[in-house]
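Below is run_10.txt, holding compact mmCIF, C-alpha atoms.
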```
# COMPACT_ATOMS: atom_id res chain seq x y z
CA MET A 1 64.29 -83.89 -99.91
CA ALA A 2 66.35 -80.67 -99.98
CA ASP A 3 64.01 -79.35 -102.68
CA ASP A 4 60.98 -80.20 -100.56
CA VAL A 5 62.45 -78.46 -97.52
CA ARG A 6 63.13 -75.34 -99.62
CA ARG A 7 59.64 -75.44 -101.13
CA TRP A 8 57.94 -75.87 -97.75
CA SER A 9 60.11 -73.12 -96.21
CA ASP A 10 59.11 -70.75 -99.01
CA GLU A 11 55.47 -71.65 -98.61
CA LEU A 12 55.62 -71.06 -94.88
CA ALA A 13 57.36 -67.72 -95.41
CA ARG A 14 54.56 -66.69 -97.79
CA ASP A 15 51.83 -67.95 -95.50
CA PRO A 16 52.87 -68.35 -91.84
CA SER A 17 49.48 -69.86 -91.00
CA SER A 18 49.99 -72.73 -93.48
CA LEU A 19 49.94 -76.29 -92.12
CA VAL A 20 52.99 -77.05 -94.21
CA PHE A 21 55.05 -76.55 -91.04
CA LEU A 22 54.06 -80.13 -90.16
CA GLN A 23 55.88 -81.54 -93.20
CA LEU A 24 58.78 -79.12 -92.87
CA GLY A 25 59.27 -79.85 -89.16
CA GLU A 26 59.12 -83.60 -89.75
CA ALA A 27 61.61 -83.41 -92.64
CA LEU A 28 64.04 -81.37 -90.54
CA ARG A 29 63.62 -83.80 -87.65
CA ARG A 30 64.47 -86.72 -89.90
CA GLN A 31 67.55 -84.87 -91.09
CA GLY A 32 68.64 -84.49 -87.46
CA GLN A 33 68.20 -80.71 -87.45
CA LEU A 34 66.35 -80.89 -84.17
CA GLU A 35 66.68 -77.31 -82.96
CA VAL A 36 65.41 -75.84 -86.24
CA ALA A 37 62.66 -78.47 -86.40
CA LEU A 38 61.57 -77.57 -82.86
CA LYS A 39 61.51 -73.85 -83.67
CA ILE A 40 59.34 -74.47 -86.74
CA ALA A 41 57.03 -76.83 -84.84
CA LEU A 42 56.56 -74.46 -81.89
CA ARG A 43 55.81 -71.53 -84.19
CA GLY A 44 53.22 -73.67 -85.96
CA LEU A 45 51.78 -74.82 -82.67
CA ASP A 46 51.33 -71.19 -81.58
CA ARG A 47 48.97 -70.72 -84.51
CA HIS A 48 47.30 -74.13 -84.38
CA GLN A 49 46.98 -74.97 -80.71
CA MET A 50 44.17 -77.49 -81.19
CA ASN A 51 45.93 -79.35 -84.01
CA ALA A 52 46.78 -82.84 -82.73
CA ASP A 53 49.42 -83.41 -85.40
CA ALA A 54 51.25 -80.25 -84.35
CA HIS A 55 51.49 -81.52 -80.77
CA ASP A 56 52.51 -84.93 -82.13
CA LEU A 57 55.33 -83.31 -84.12
CA VAL A 58 56.61 -81.42 -81.07
CA ALA A 59 56.49 -84.67 -79.09
CA ARG A 60 58.50 -86.58 -81.70
CA ILE A 61 61.13 -83.86 -81.81
CA ALA A 62 61.22 -83.88 -78.00
CA VAL A 63 61.90 -87.64 -78.03
CA ASP A 64 64.78 -87.16 -80.45
CA ARG A 65 66.15 -84.52 -78.06
CA ARG A 66 65.68 -87.04 -75.23
CA ASP A 67 63.25 -84.59 -73.56
CA PHE A 68 60.82 -87.32 -72.49
CA ALA A 69 58.85 -85.11 -70.06
CA ARG A 70 57.96 -82.68 -72.85
CA ALA A 71 57.14 -85.54 -75.24
CA MET A 72 54.79 -87.07 -72.69
CA GLU A 73 53.04 -83.77 -72.09
CA GLU A 74 52.52 -83.21 -75.83
CA TRP A 75 51.24 -86.71 -76.53
CA GLU A 76 48.83 -86.49 -73.61
CA THR A 77 47.52 -83.29 -75.19
CA VAL A 78 47.18 -85.11 -78.52
CA LEU A 79 45.01 -87.77 -76.89
CA ARG A 80 42.83 -85.11 -75.25
CA ILE A 81 42.23 -83.58 -78.70
CA LYS A 82 42.05 -86.85 -80.64
CA PRO A 83 41.58 -89.87 -78.32
CA ALA A 84 42.19 -92.42 -81.13
CA HIS A 85 45.55 -90.96 -82.28
CA LEU A 86 47.73 -94.07 -82.79
CA GLY A 87 51.00 -92.13 -83.00
CA ALA A 88 50.41 -90.63 -79.56
CA MET A 89 49.61 -94.03 -78.03
CA LYS A 90 52.77 -95.52 -79.53
CA GLY A 91 54.79 -92.52 -78.41
CA LEU A 92 53.47 -92.66 -74.86
CA GLY A 93 54.21 -96.37 -74.79
CA TYR A 94 57.78 -95.65 -75.80
CA VAL A 95 58.27 -92.86 -73.25
CA CYS A 96 56.78 -94.95 -70.42
CA PHE A 97 59.08 -97.78 -71.40
CA GLN A 98 62.10 -95.47 -71.31
CA GLN A 99 61.05 -94.43 -67.82
CA GLY A 100 60.74 -98.04 -66.68
CA ARG A 101 56.94 -97.83 -66.38
CA PHE A 102 56.31 -101.13 -68.11
CA GLU A 103 52.65 -101.54 -67.20
CA ASP A 104 51.80 -98.07 -68.52
CA ALA A 105 53.87 -98.77 -71.63
CA GLU A 106 51.98 -101.98 -72.21
CA ARG A 107 48.63 -100.23 -71.67
CA PHE A 108 49.37 -97.58 -74.32
CA LEU A 109 50.83 -100.05 -76.81
CA SER A 110 47.96 -102.49 -76.35
CA LYS A 111 45.51 -99.66 -77.05
CA ALA A 112 47.49 -98.79 -80.19
CA ALA A 113 47.43 -102.45 -81.27
CA ALA A 114 43.69 -102.63 -80.67
CA GLY A 115 43.28 -99.42 -82.66
CA GLY A 116 44.84 -101.04 -85.73
CA ALA A 117 48.54 -100.23 -85.38
CA GLY A 118 50.87 -102.48 -87.38
CA SER A 119 53.48 -105.12 -86.60
CA ASP A 120 55.85 -102.49 -85.22
CA VAL A 121 53.56 -102.17 -82.20
CA SER A 122 53.53 -105.95 -81.71
CA ASN A 123 57.33 -105.85 -81.74
CA ALA A 124 57.38 -102.99 -79.25
CA LEU A 125 54.92 -104.85 -77.01
CA ALA A 126 57.13 -107.92 -77.12
CA THR A 127 60.11 -105.76 -76.10
CA VAL A 128 58.16 -104.24 -73.21
CA ARG A 129 57.05 -107.63 -71.98
CA ARG A 130 60.55 -109.03 -72.30
CA SER A 131 62.00 -106.12 -70.37
CA SER A 132 59.42 -106.34 -67.62
CA GLY A 133 60.99 -109.64 -66.64
CA GLY A 134 58.01 -111.72 -67.61
CA MET A 135 55.68 -109.95 -65.17
CA LEU A 136 53.35 -109.09 -68.04
CA ALA A 137 51.53 -111.60 -70.18
CA PRO A 138 53.19 -112.27 -73.53
CA THR A 139 51.30 -111.45 -76.75
CA LEU A 140 52.76 -114.33 -78.70
CA PRO A 141 53.22 -117.86 -77.48
CA SER A 142 56.91 -118.47 -76.77
CA GLU A 143 56.94 -121.32 -79.28
CA ALA A 144 55.77 -118.97 -82.02
CA GLN A 145 58.43 -116.47 -81.03
CA ALA A 146 61.10 -119.14 -81.20
CA GLU A 147 60.03 -119.92 -84.77
CA ASP A 148 59.88 -116.28 -85.85
CA PRO A 149 63.30 -114.97 -87.04
CA GLN A 150 62.23 -111.49 -85.91
CA TYR A 151 62.79 -112.66 -82.34
CA LEU A 152 66.13 -114.37 -82.97
CA PHE A 153 68.09 -111.85 -80.88
CA ALA A 154 65.29 -110.85 -78.50
CA ASP A 155 66.75 -112.45 -75.39
CA LEU A 156 70.19 -110.92 -76.00
CA LEU A 157 68.91 -107.34 -75.98
CA VAL A 158 68.81 -105.88 -72.51
CA ASP A 159 66.92 -102.62 -73.03
CA ALA A 160 64.49 -101.01 -75.44
CA GLY A 161 67.20 -98.84 -76.96
CA GLN A 162 68.98 -101.93 -78.28
CA THR A 163 68.10 -103.53 -81.55
CA ALA A 164 69.67 -106.23 -83.72
CA LEU A 165 69.31 -107.14 -87.34
CA LEU A 166 70.79 -109.79 -89.65
CA LEU A 167 71.03 -108.91 -93.35
CA ASP A 168 71.99 -111.07 -96.30
CA ALA A 169 74.57 -110.04 -98.90
CA SER A 170 71.96 -108.07 -100.82
CA GLY A 171 70.76 -106.15 -97.78
CA TYR A 172 67.58 -108.20 -97.34
CA VAL A 173 66.44 -108.81 -93.78
CA MET A 174 66.97 -112.39 -92.61
CA ALA A 175 66.34 -112.05 -88.89
CA GLY A 176 65.83 -109.52 -86.13
CA VAL A 177 64.23 -106.12 -86.28
CA TYR A 178 65.51 -102.57 -86.36
CA LEU A 179 63.22 -100.41 -84.26
CA ASP A 180 63.45 -96.65 -84.39
CA ALA A 181 62.69 -94.37 -81.43
CA GLU A 182 58.97 -94.69 -82.10
CA GLY A 183 59.04 -98.47 -82.16
CA THR A 184 58.63 -98.65 -85.94
CA ASN A 185 60.49 -101.49 -87.64
CA VAL A 186 62.75 -99.82 -90.22
CA ALA A 187 64.83 -102.95 -90.86
CA GLN A 188 64.19 -103.04 -94.59
CA ASP A 189 65.12 -99.38 -95.04
CA VAL A 190 68.32 -99.81 -93.05
CA GLY A 191 69.14 -103.01 -94.95
CA ALA A 192 68.67 -101.29 -98.28
CA GLN A 193 71.05 -98.51 -97.31
CA LEU A 194 73.70 -100.92 -96.03
CA SER A 195 73.49 -103.39 -98.90
CA GLY A 196 76.84 -104.17 -100.46
CA ILE A 197 78.90 -102.61 -97.68
CA SER A 198 80.35 -105.94 -96.57
CA ASP A 199 81.72 -106.92 -99.97
CA GLU A 200 82.98 -103.42 -100.71
CA VAL A 201 84.84 -103.13 -97.41
CA LEU A 202 86.25 -106.64 -97.78
CA ARG A 203 87.76 -105.88 -101.18
CA SER A 204 89.11 -102.47 -100.21
CA ALA A 205 90.54 -103.59 -96.88
CA ARG A 206 92.47 -106.35 -98.58
CA HIS A 207 93.73 -103.97 -101.23
CA LEU A 208 94.87 -101.55 -98.51
CA ASP A 209 96.70 -104.40 -96.81
CA ILE A 210 94.86 -104.06 -93.52
CA GLY A 211 93.51 -107.61 -93.72
CA ASP A 212 89.92 -108.77 -93.37
CA TRP A 213 87.54 -106.38 -91.71
CA LYS A 214 86.16 -107.20 -88.29
CA ALA A 215 83.71 -104.41 -87.44
CA ILE A 216 82.40 -101.00 -88.40
CA THR A 217 81.15 -98.76 -85.63
CA PHE A 218 79.55 -95.36 -85.98
CA GLU A 219 78.11 -92.80 -83.62
CA THR A 220 75.08 -90.71 -84.43
CA GLN A 221 73.25 -88.01 -82.48
CA ALA A 222 70.92 -90.58 -80.94
CA ALA A 223 72.67 -93.95 -81.07
CA VAL A 224 75.76 -96.02 -81.56
CA VAL A 225 75.66 -98.64 -84.32
CA ALA A 226 78.03 -101.54 -84.93
CA MET A 227 78.16 -104.12 -87.68
CA ALA A 228 80.27 -107.14 -88.50
CA PRO A 229 80.54 -109.56 -91.42
CA GLY A 230 78.99 -112.96 -90.87
CA ARG A 231 78.58 -116.38 -92.37
CA ASP A 232 77.48 -116.59 -96.04
CA ASN A 233 78.31 -112.88 -96.62
CA SER A 234 75.69 -111.82 -94.12
CA LEU A 235 75.92 -108.62 -92.09
CA MET A 236 75.09 -108.41 -88.40
CA VAL A 237 73.97 -104.95 -87.30
CA VAL A 238 73.28 -103.84 -83.73
CA ALA A 239 72.36 -100.44 -82.36
CA ALA A 240 72.03 -99.03 -78.87
CA SER A 241 71.41 -95.71 -77.21
CA ARG A 242 74.18 -93.13 -77.42
CA ALA A 243 74.92 -93.59 -73.74
CA THR A 244 76.01 -97.21 -74.31
CA PRO A 245 79.77 -97.70 -73.89
CA LEU A 246 81.37 -98.87 -77.14
CA GLY A 247 82.88 -101.89 -75.39
CA LEU A 248 79.44 -103.05 -74.35
CA LEU A 249 78.12 -102.52 -77.86
CA ARG A 250 80.95 -104.66 -79.23
CA ARG A 251 80.08 -107.39 -76.76
CA LEU A 252 76.45 -107.30 -77.89
CA LEU A 253 77.60 -107.44 -81.52
CA GLU A 254 79.71 -110.52 -80.83
CA ARG A 255 76.91 -112.31 -79.00
CA CYS A 256 74.40 -111.56 -81.76
CA ALA A 257 76.91 -112.61 -84.43
CA ASP A 258 77.49 -115.92 -82.62
CA ARG A 259 73.74 -116.50 -82.45
CA ALA A 260 73.38 -115.63 -86.15
CA ALA A 261 76.16 -118.02 -87.14
CA VAL A 262 74.46 -120.90 -85.35
CA TRP A 263 71.07 -119.97 -86.78
CA LEU A 264 72.41 -119.68 -90.33
CA GLY A 265 74.04 -123.07 -90.00
CA VAL A 266 70.78 -124.55 -88.81
CA GLU A 267 68.80 -122.81 -91.53
CA ARG A 268 71.11 -124.12 -94.22
CA ASN A 269 70.83 -127.64 -92.83
CA GLY A 270 67.12 -127.80 -93.32
CA GLY A 271 65.72 -125.51 -90.64
CA ASP A 272 65.77 -128.13 -87.90
CA ARG A 273 66.53 -126.28 -84.67
CA GLN A 274 66.21 -129.26 -82.37
CA MET B 1 102.91 -77.10 -101.33
CA SER B 2 100.91 -75.79 -98.38
CA THR B 3 97.11 -75.92 -98.50
CA PRO B 4 94.42 -74.69 -96.09
CA PHE B 5 94.30 -78.24 -94.69
CA SER B 6 98.04 -78.94 -94.42
CA GLU B 7 98.42 -78.03 -90.76
CA MET B 8 95.39 -80.10 -89.74
CA LEU B 9 96.52 -83.14 -91.70
CA ASP B 10 100.10 -82.85 -90.40
CA SER B 11 98.79 -82.75 -86.86
CA LEU B 12 96.70 -85.89 -87.43
CA THR B 13 99.50 -87.81 -89.12
CA ARG B 14 101.83 -87.00 -86.19
CA GLN B 15 99.67 -89.16 -83.91
CA ARG B 16 101.28 -92.45 -82.95
CA GLY B 17 100.26 -95.27 -85.29
CA VAL B 18 98.67 -93.02 -87.91
CA ARG B 19 99.72 -93.92 -91.46
CA ALA B 20 97.70 -91.40 -93.43
CA SER B 21 95.22 -88.57 -93.06
CA LEU B 22 92.97 -87.24 -95.78
CA ILE B 23 90.17 -84.82 -96.51
CA VAL B 24 87.67 -86.56 -98.75
CA SER B 25 84.55 -85.50 -100.59
CA GLU B 26 81.73 -87.78 -99.40
CA SER B 27 79.63 -87.33 -102.52
CA ASP B 28 82.22 -88.46 -105.09
CA GLY B 29 84.89 -90.19 -102.99
CA LEU B 30 87.69 -88.00 -104.31
CA VAL B 31 90.70 -86.81 -102.31
CA VAL B 32 90.57 -83.10 -101.51
CA ASP B 33 93.88 -83.09 -99.65
CA SER B 34 96.06 -85.73 -98.04
CA ASN B 35 99.12 -86.48 -95.96
CA LEU B 36 100.20 -90.02 -96.79
CA ARG B 37 103.11 -92.11 -95.65
CA PHE B 38 104.95 -94.14 -98.27
CA GLY B 39 102.93 -96.99 -99.70
CA GLN B 40 99.45 -95.70 -98.83
CA ASP B 41 96.89 -95.68 -101.63
CA GLY B 42 95.09 -92.40 -100.98
CA GLU B 43 92.52 -92.79 -103.73
CA ARG B 44 91.45 -96.22 -102.56
CA VAL B 45 91.20 -95.03 -98.95
CA ALA B 46 89.18 -91.99 -100.03
CA ALA B 47 86.75 -94.06 -102.09
CA LEU B 48 86.22 -96.59 -99.32
CA ALA B 49 85.89 -94.00 -96.51
CA ALA B 50 83.44 -91.88 -98.51
CA SER B 51 81.33 -94.90 -99.38
CA MET B 52 81.26 -96.22 -95.80
CA TYR B 53 80.42 -92.80 -94.45
CA ARG B 54 77.63 -92.32 -96.98
CA LYS B 55 76.12 -95.73 -96.22
CA ALA B 56 76.31 -95.03 -92.48
CA ARG B 57 74.66 -91.63 -92.94
CA LEU B 58 71.85 -93.02 -95.12
CA SER B 59 71.17 -95.95 -92.80
CA ALA B 60 71.16 -93.59 -89.79
CA ARG B 61 68.67 -91.42 -91.62
CA ALA B 62 66.49 -94.45 -92.39
CA ALA B 63 66.51 -95.34 -88.69
CA ARG B 64 65.98 -91.70 -87.67
CA LEU B 65 69.13 -91.66 -85.60
CA GLY B 66 70.28 -88.17 -86.54
CA ALA B 67 73.56 -87.14 -88.10
CA VAL B 68 76.58 -89.45 -88.10
CA ALA B 69 79.58 -88.12 -86.18
CA PHE B 70 82.43 -90.61 -85.82
CA LEU B 71 82.91 -93.80 -87.85
CA GLN B 72 85.49 -96.53 -87.35
CA LEU B 73 86.43 -99.58 -89.41
CA ASP B 74 88.46 -102.24 -87.63
CA ALA B 75 90.42 -104.72 -89.70
CA GLU B 76 93.01 -107.35 -88.80
CA ARG B 77 96.01 -105.10 -89.44
CA GLY B 78 94.65 -101.59 -89.37
CA ARG B 79 91.82 -99.16 -88.77
CA ILE B 80 90.15 -96.43 -90.73
CA CYS B 81 88.49 -93.63 -88.73
CA ALA B 82 86.39 -90.83 -90.19
CA VAL B 83 84.38 -87.82 -89.06
CA GLY B 84 82.07 -85.61 -91.07
CA GLY B 85 79.99 -82.59 -90.34
CA ARG B 86 77.57 -80.31 -92.10
CA SER B 87 79.59 -80.03 -95.30
CA ASP B 88 80.38 -82.71 -97.88
CA LEU B 89 83.88 -83.11 -96.48
CA VAL B 90 84.97 -86.08 -94.40
CA ILE B 91 88.25 -86.23 -92.49
CA VAL B 92 89.80 -89.69 -92.64
CA VAL B 93 92.67 -91.33 -90.80
CA VAL B 94 94.30 -94.70 -91.56
CA ALA B 95 96.01 -96.15 -88.51
CA ASP B 96 97.67 -99.31 -87.24
CA ALA B 97 95.49 -101.82 -85.44
CA ALA B 98 97.28 -100.99 -82.18
CA ALA B 99 96.80 -97.21 -82.46
CA ASN B 100 94.95 -95.39 -79.67
CA VAL B 101 91.50 -94.90 -81.21
CA GLY B 102 90.26 -92.76 -78.33
CA LEU B 103 93.01 -90.24 -78.97
CA ILE B 104 92.51 -90.35 -82.74
CA ARG B 105 88.77 -89.79 -82.26
CA MET B 106 89.40 -86.72 -80.13
CA GLU B 107 91.88 -85.30 -82.64
CA LEU B 108 89.49 -85.94 -85.51
CA LEU B 109 86.61 -84.20 -83.74
CA LYS B 110 88.92 -81.28 -82.96
CA ALA B 111 89.99 -81.16 -86.61
CA LEU B 112 86.35 -81.18 -87.68
CA GLU B 113 85.71 -78.02 -85.63
CA THR B 114 88.56 -76.33 -87.51
CA LEU B 115 87.12 -77.51 -90.82
CA GLU B 116 83.69 -76.08 -90.07
```
Can you present the structure in this file as structure tokens?
Amino acid sequence: MADDVRRWSDELARDPSSLVFLQLGEALRRQGQLEVALKIALRGLDRHQMNADAHDLVARIAVDRRDFARAMEEWETVLRIKPAHLGAMKGLGYVCFQQGRFEDAERFLSKAAAGGAGSDVSNALATVRRSSGGMLAPTLPSEAQAEDPQYLFADLLVDAGQTALLLDASGYVMAGVYLDAEGTNVAQDVGAQLSGISDEVLRSARHLDIGDWKAITFETQAAVVAMAPGRDNSLMVVAASRATPLGLLRRLLERCADRAAVWLGVERNGGDRQ
Amino acid sequence: MSTPFSEMLDSLTRQRGVRASLIVSESDGLVVDSNLRFGQDGERVAALAASMYRKARLSARAARLGAVAFLQLDAERGRICAVGGRSDLVIVVVADAAANVGLIRMELLKALETLE
């Protein structure tokens, strides 16, 4: 990735009108270098004002900077240029949701779903409908949701910024989802990166004479994440917006871990949840 | 022997309940400098802290959550806290379970500013 960033930077220096700023800005955004990413994106946008992807990039960076008004403005511009742009519909759905405008959020996400967006949009729609207090019609029958492990923690999550995921000892996803700021399910990627952490920490903590581990919490620029070991060497992971007090995050972690323990017990005993 | 990190590590280890403080390389898990109380296994702490921090950073990247700032491991009889910044270095503290994590977090973030 560092090589790509260097290569794209060089290319942009050689040819400031190159569209490579889209890749460079996105890479920097993913690395959390939001101010640099924004600078690159805005410079590119100056030269390519009718490029929908340039506006989309600025919007995504704005979301990461929690500048929802700017993100909304940019995605609305994207849709004026390219009315079928799925990323903009998903983005607008997310921003509306953050602003508590559930009906608008549902409208944008439904359009994205109708336009061919993937399962991440279905998950986001389910979150919107859950958060709207049942005022909006559900996409999936509740019975189907109850059978789908993706929704195992759905009723425990109180806002769209919260997400919960259960991983097995190898980092494979067993239940829940891990939605990023755009509503994309990145559970498998997160699981792959966290695989083995439980066993490693268990062994080291015992060796260091601090006993069995109970939780790992970390803060990032955009979120707080907590994880705890579970039954059968599983790992429960929850995340919430940065503004969430750590005590509340711990409470959510405990509740999800309790739910996971029951579910794992049921799963092992033949999958009968009655 | 005094090193460029000695003062920072001394200051961290003076906090109530802190058993050890270390500067660790995230990429290879090796100790760069440390201030350990008797009985602490610096190399093991360094390897574990570096690995946890790396996994947290990579998972945060996968979820597009931005850079990791503060990390905390809670165990039955102790805690490990770590902060990292733009460089490869991670500052790590091993503390008792009853230590004041809020205070340790503030001191670690202050120490990180000095490091950068």
* Asked: Taking into account only C-alpha atoms, which residue in the set A:Val58, A:Ala112, A:Val177, A:Ala41 is nearest to chain B?
  -> A:Val177
* Restricting the calculation to all atoms listed in the file, which member of B:Gly29, B:Gly84, B:Pro4, B:Gly66 is positioned closest to chain A? ->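 Closest residue, counting all atoms listed in the file: B:Gly66.
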Please, which residues in chain B fall within 8 Å of chain A when counting only C-alpha atoms, and what is the closest atom pair and distance in Å to one decimal for each, ordered by chain then residue number, as JSON lines?
```
{"residue": "B:Gln40", "atom": "CA", "partner": "A:Leu208", "partner_atom": "CA", "distance": 7.4}
{"residue": "B:Asp41", "atom": "CA", "partner": "A:Leu208", "partner_atom": "CA", "distance": 6.9}
{"residue": "B:Arg44", "atom": "CA", "partner": "A:Ser204", "partner_atom": "CA", "distance": 7.1}
{"residue": "B:Val45", "atom": "CA", "partner": "A:Leu208", "partner_atom": "CA", "distance": 7.5}
{"residue": "B:Leu48", "atom": "CA", "partner": "A:Ser204", "partner_atom": "CA", "distance": 6.6}
{"residue": "B:Met52", "atom": "CA", "partner": "A:Ile197", "partner_atom": "CA", "distance": 7.1}
{"residue": "B:Lys55", "atom": "CA", "partner": "A:Leu194", "partner_atom": "CA", "distance": 5.7}
{"residue": "B:Ala56", "atom": "CA", "partner": "A:Phe218", "partner_atom": "CA", "distance": 7.3}
{"residue": "B:Leu58", "atom": "CA", "partner": "A:Gln193", "partner_atom": "CA", "distance": 6.0}
{"residue": "B:Ser59", "atom": "CA", "partner": "A:Val190", "partner_atom": "CA", "distance": 4.8}
{"residue": "B:Ala60", "atom": "CA", "partner": "A:Thr220", "partner_atom": "CA", "distance": 7.2}
{"residue": "B:Arg61", "atom": "CA", "partner": "A:Arg30", "partner_atom": "CA", "distance": 6.5}
{"residue": "B:Ala62", "atom": "CA", "partner": "A:Val190", "partner_atom": "CA", "distance": 5.7}
{"residue": "B:Ala63", "atom": "CA", "partner": "A:Asp180", "partner_atom": "CA", "distance": 5.4}
{"residue": "B:Arg64", "atom": "CA", "partner": "A:Arg30", "partner_atom": "CA", "distance": 5.7}
{"residue": "B:Leu65", "atom": "CA", "partner": "A:Ala222", "partner_atom": "CA", "distance": 5.1}
{"residue": "B:Gly66", "atom": "CA", "partner": "A:Gly32", "partner_atom": "CA", "distance": 4.1}
{"residue": "B:Ala67", "atom": "CA", "partner": "A:Thr220", "partner_atom": "CA", "distance": 5.3}
{"residue": "B:Val68", "atom": "CA", "partner": "A:Thr220", "partner_atom": "CA", "distance": 4.2}
{"residue": "B:Ala69", "atom": "CA", "partner": "A:Thr220", "partner_atom": "CA", "distance": 5.5}
{"residue": "B:Phe70", "atom": "CA", "partner": "A:Glu219", "partner_atom": "CA", "distance": 5.3}
{"residue": "B:Leu71", "atom": "CA", "partner": "A:Phe218", "partner_atom": "CA", "distance": 4.1}
{"residue": "B:Gln72", "atom": "CA", "partner": "A:Thr217", "partner_atom": "CA", "distance": 5.2}
{"residue": "B:Leu73", "atom": "CA", "partner": "A:Ile216", "partner_atom": "CA", "distance": 4.4}
{"residue": "B:Asp74", "atom": "CA", "partner": "A:Ala215", "partner_atom": "CA", "distance": 5.2}
{"residue": "B:Ala75", "atom": "CA", "partner": "A:Trp213", "partner_atom": "CA", "distance": 3.9}
{"residue": "B:Glu76", "atom": "CA", "partner": "A:Gly211", "partner_atom": "CA", "distance": 5.0}
{"residue": "B:Arg77", "atom": "CA", "partner": "A:Ile210", "partner_atom": "CA", "distance": 4.4}
{"residue": "B:Gly78", "atom": "CA", "partner": "A:Ile210", "partner_atom": "CA", "distance": 4.8}
{"residue": "B:Arg79", "atom": "CA", "partner": "A:Ile210", "partner_atom": "CA", "distance": 7.5}
```
For those residues, write C-alpha atoms to a file as a compact mmCIF listing (two decimals), in the coordinates of the input.
```txt
# COMPACT_ATOMS: atom_id res chain seq x y z
CA GLN B 40 99.45 -95.70 -98.83
CA ASP B 41 96.89 -95.68 -101.63
CA ARG B 44 91.45 -96.22 -102.56
CA VAL B 45 91.20 -95.03 -98.95
CA LEU B 48 86.22 -96.59 -99.32
CA MET B 52 81.26 -96.22 -95.80
CA LYS B 55 76.12 -95.73 -96.22
CA ALA B 56 76.31 -95.03 -92.48
CA LEU B 58 71.85 -93.02 -95.12
CA SER B 59 71.17 -95.95 -92.80
CA ALA B 60 71.16 -93.59 -89.79
CA ARG B 61 68.67 -91.42 -91.62
CA ALA B 62 66.49 -94.45 -92.39
CA ALA B 63 66.51 -95.34 -88.69
CA ARG B 64 65.98 -91.70 -87.67
CA LEU B 65 69.13 -91.66 -85.60
CA GLY B 66 70.28 -88.17 -86.54
CA ALA B 67 73.56 -87.14 -88.10
CA VAL B 68 76.58 -89.45 -88.10
CA ALA B 69 79.58 -88.12 -86.18
CA PHE B 70 82.43 -90.61 -85.82
CA LEU B 71 82.91 -93.80 -87.85
CA GLN B 72 85.49 -96.53 -87.35
CA LEU B 73 86.43 -99.58 -89.41
CA ASP B 74 88.46 -102.24 -87.63
CA ALA B 75 90.42 -104.72 -89.70
CA GLU B 76 93.01 -107.35 -88.80
CA ARG B 77 96.01 -105.10 -89.44
CA GLY B 78 94.65 -101.59 -89.37
CA ARG B 79 91.82 -99.16 -88.77
```
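Here the question is which of B:Leu112, B:Val83, B:Ala95, B:Met106 gets nearest to Val18 in chain B using all atoms listed in the file, and that residue is B:Ala95.
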* By how many Å are CA of Val237 in chain A and CA of Ala164 in chain A apart? -> 5.7 Å
* Do you have the CA of Leu36 in chain B-CA of Val92 in chain B distance handy? -> 11.2 Å
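For the atom pair formed by CA of Lys82 in chain A and CA of Asp4 in chain A, the distance is 28.3 Å, given to one decimal.
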* Between B:Ser27, B:Ser34, B:Ser11, B:Ser2, which has the minimum distance to Ala111 in chain B (counting only C-alpha atoms)? ->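 Checking each of B:Ser27, B:Ser34, B:Ser11, B:Ser2 against Ala111 in chain B, counting only C-alpha atoms, the winner is B:Ser11.
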* Residue nearest Ile104 in chain B among B:Met8, B:Val31, B:Ala82, B:Ala47 (counting all atoms listed in the file) -> B:Ala82
* Asked: Using only C-alpha atoms, which residues sit within 6 Å of Ala169 in chain A once same-chain residues fewer than 2 positions away are excluded, as a ChimeraX atom specification?
  -> /A:171,233-234
* To do: Determine the nearest neighbour of Leu89 in chain B from the options B:Gly39, B:Arg14, B:Ala20, B:Ala49, counting all atoms listed in the file.
  =>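 The closest residue to Leu89 in chain B is B:Ala49.
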* Got a sec: who's within 9 Å of Leu30 in chain B, counting all atoms listed in the file, leaving out chain neighbours fewer than 6 positions off, as an MDAnalysis selection string? -> chainID B and resid 23:24 43 46:47 50
* Extract, using all atoms listed in the file, all DNA, RNA and protein residues at most 12 Å from Ile40 in chain A, discarding same-chain residues fewer than 6 positions from it, and format them as number ranges by chain. => A: 5, 8-9, 12-13, 16-29, 33-34, 46-47, 54, 57-58, 61
